[in-house]
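K.L.:
Just passing along the structure, written as structure tokens.
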Amino acid sequence: MRERLRRALRNFFFPPAGSPRWARILPYATLGALTLIVLIAAVYGWDYTNSPSFCGTACHTMPPEYTAYLVSPHARIDCVECHIGRGFIATRITRKAGDLQHVIATLFHTYEFPIRAESLRPARETCERCHSPDKFSDDSLRAILHFGEDRENTPTTTYIVLKTGGGSRREGLGRGIHWHIENPILYLPLDPEQQEIPYVRVMNEDGTSTEYVDVEADLDVEAINPADLAEMDCITCHNRITHLVLTPEATIDQLMSRAIISPQIPEIRQRAVAAYGAEYDTNEAALQALAALESFYQQAYSDFYEDHAPEIQAAVAALQEAYRESVFREQNSDWTTHPNNIGHEDSPGCFRCHDGKHLNPEGEAIRLECNLCHAIPVVAGPPDFVAQIELSRGIEPQSHLNSNWITLHRDVFDETCAN
């Protein structure tokens with residue numbers, strides 16, 4: 001049988017002399033068709049393995065990251081654009097082959113939770129492909145709506161002007177928050193999350209550098225290994241832009257501001273935050289606690305419940321959906337897992353360096369001013385018809401430009417400040 005098969009294959013690919021023309025052409029046509037099929041399958045396979053659905057649900061299951069990605073500003077950007085990056089096809093294949101470790105970890109259940117990215121492509125190869133650092137952004141006004149924990153869920157709006165800036169100094173720009181991208185800055189992170197940064201080096205235009213060291217850190221600057229220094233880029237601050245999980249307070253405020261949860265429900269802000277942010281052993285227990293809010297209103301606000309039962313039920317459903325999308329207990333993931341380095345409200349963020357403790361040899365701190373990156377926030381409530389918001393800094397005394405002004409101003413404040 002084996003000999004007959006070998007003879008048939010030999011006669012197929014090497015027809016005997018005198019065979020018809022079609023018999024001599026058929027082997028080449030067959031090989032060409034097989035090659036074409038393999039190429040087409042490879043193209044479709046490459047495209048599929050680069051799809052977000054494959055990355056998030058098949059290759060290595062990452063429900064927290066994938067769920068947050070689907071509602072992020074980058075929901076239409078493929079995962080590989082950031083995690084593999086662009087480049088020559090051979091380079092991308094090599095990078096993808098290096099990620100086979102994730103498939104192995106999934107198959108053998110060796111993942112360590114929570115998942116933390118150990119290495120990312122440089123922002124200049126990913127973020128800056130779409131977001132040019134040379135682009136200057138004007139100041140922007142943000143209105144952030146919060147609700148109180150009183151019976152009426154009293155709303156207040158925080159108005160803040162963000163001084164995004166950016167652009168290049170050669171164009172007369174290069175200032176604001178994005179000054180950090182235009183100017184080379186190196187720093188020394190002591191932990192994987194980059195929350196402890198005792199050393200910062202700013203490269204000056206004349207080729208010199210200025211070093212800032214945390215005075216509370218026991219650090220020998222001479223012993224720093226240059227290979228341990230990281231260059232500040234987009235991800236230094238925008239570390240959770242695609243995988244952000246909101247805190248309970250921010251989640252409830254967002255749902256109420258969009259009227260998904262009615263602000264007219266008495267005490268809903270306080271009750272929802274308390275139930276949503278409590279500690280639970282299982283997700284089922286958390287969902288039951290959120291469902292118990294309906295019973296609370298049936299008993300404590302029976303008249304209101306009778307007239308607004310659908311609104312209360314919709315609020316419970318919205319809270320449960322948000323909780324399912326935020327808490328993944330089997331992967332030790334919730335809103336406390338990863339710090340969000342944008343701002344300085346829930347995590348140190350900007351204050352990792354702008355804390356008044358990082359001093360240069362002259363004793364000057366990294367600039368720490370209330371209105372350096374944003375205007376002084378203005379909070380307005382329902383009775384406030386007009387909010388006075390600082391749009392320009394105007395003329396400032398020389399003392400205001402001191403790098404330690406936030407610390408010093410309490411000692412020099414007097415009646416002349418009214419002017």
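Residue numbering restarts at 1 for every chain of the structure tokens, chains are lettered A, B, ... in their displayed order, and ligands are numbered from 1 as they appear.
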Fewer than 2 positions away in the same chain doesn't count, so skip those; otherwise give me all residues within 12 Å of region 174-183 of chain A, counting only C-alpha atoms, as a ChimeraX atom specification.
P.N.:
/A:123-124,127-128,131-140,161-172,185-187,200-205,207,209,231-238,342-343,350,353,371-375
K.L.:
When DSSP is applied to the backbone of this structure, which of region 191-388 of chain A are assigned strand (DSSP E)? Write them out as a list of chain:residue names.
P.N.:
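Here is the list: A:Tyr199, A:Val200, A:Arg201, A:Val202, A:Met203, A:Ser209, A:Thr210, A:Glu211, A:Tyr212, A:Val213, A:Asp214, A:Ala230, A:Glu231, A:His358, A:Leu359, A:Val378, A:Val379, A:Ala380.
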K.L.:
Measuring between only C-alpha atoms, which one of A:Val273, A:Ala286, A:Ile312, A:Leu368 shows the shortest distance to Arg329 (chain A)?
P.N.:
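Result for the nearest residue to Arg329 (chain A): A:Ala286.
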K.L.:
For a quick check of understanding, using only C-alpha atoms, which of A:Ile261, A:Ile389, A:Ala278, A:Met62 has the smallest distance to Asn332 (chain A)?
P.N.:
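Smallest separation from Asn332 (chain A) among the options: A:Met62.
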K.L.:
Could you please determine the separation between CA of Arg269 (chain A) and CA of Pro63 (chain A) in Å, to one decimal place?
P.N.:
27.6 Å
K.L.:
May I have the residues within 8 Å of Gly85 (chain A) as a PDB file with C-alpha atoms, in the first residue's frame, using only C-alpha atoms and disregarding those fewer than 2 positions away in the same chain?
P.N.:
ATOM      1  CA  VAL A  80      -1.429  45.562  19.020  1.00  0.00           C
ATOM      2  CA  GLU A  81      -1.071  49.225  18.044  1.00  0.00           C
ATOM      3  CA  CYS A  82       0.213  49.888  21.569  1.00  0.00           C
ATOM      4  CA  HIS A  83       1.384  46.518  22.869  1.00  0.00           C
ATOM      5  CA  GLY A  87       7.126  48.398  12.194  1.00  0.00           C
ATOM      6  CA  ARG A  92       6.180  42.605  14.538  1.00  0.00           C
ATOM      7  CA  ARG A 121       6.530  49.883  23.790  1.00  0.00           C
ATOM      8  CA  GLU A 125       6.554  54.430  18.873  1.00  0.00           C
ATOM      9  CA  THR A 126       2.916  54.194  19.927  1.00  0.00           C
TER      10      THR A 126
END
K.L.:
Near region 356-359 of chain A, counting only C-alpha atoms, which residues have an atom at most 6 Å away, once you skip same-chain residues fewer than 5 positions from it, shown as a ChimeraX atom specification?
P.N.:
/A:212-215,364-365
K.L.:
Find the distance between CA of Met1 (chain A) and CA of Thr30 (chain A) and write it in Å to one decimal.
P.N.:
23.4 Å
K.L.:
What separation in Å, quoted to one decimal, exists between CA of Ser326 (chain A) and CA of Gly277 (chain A)?
P.N.:
11.1 Å
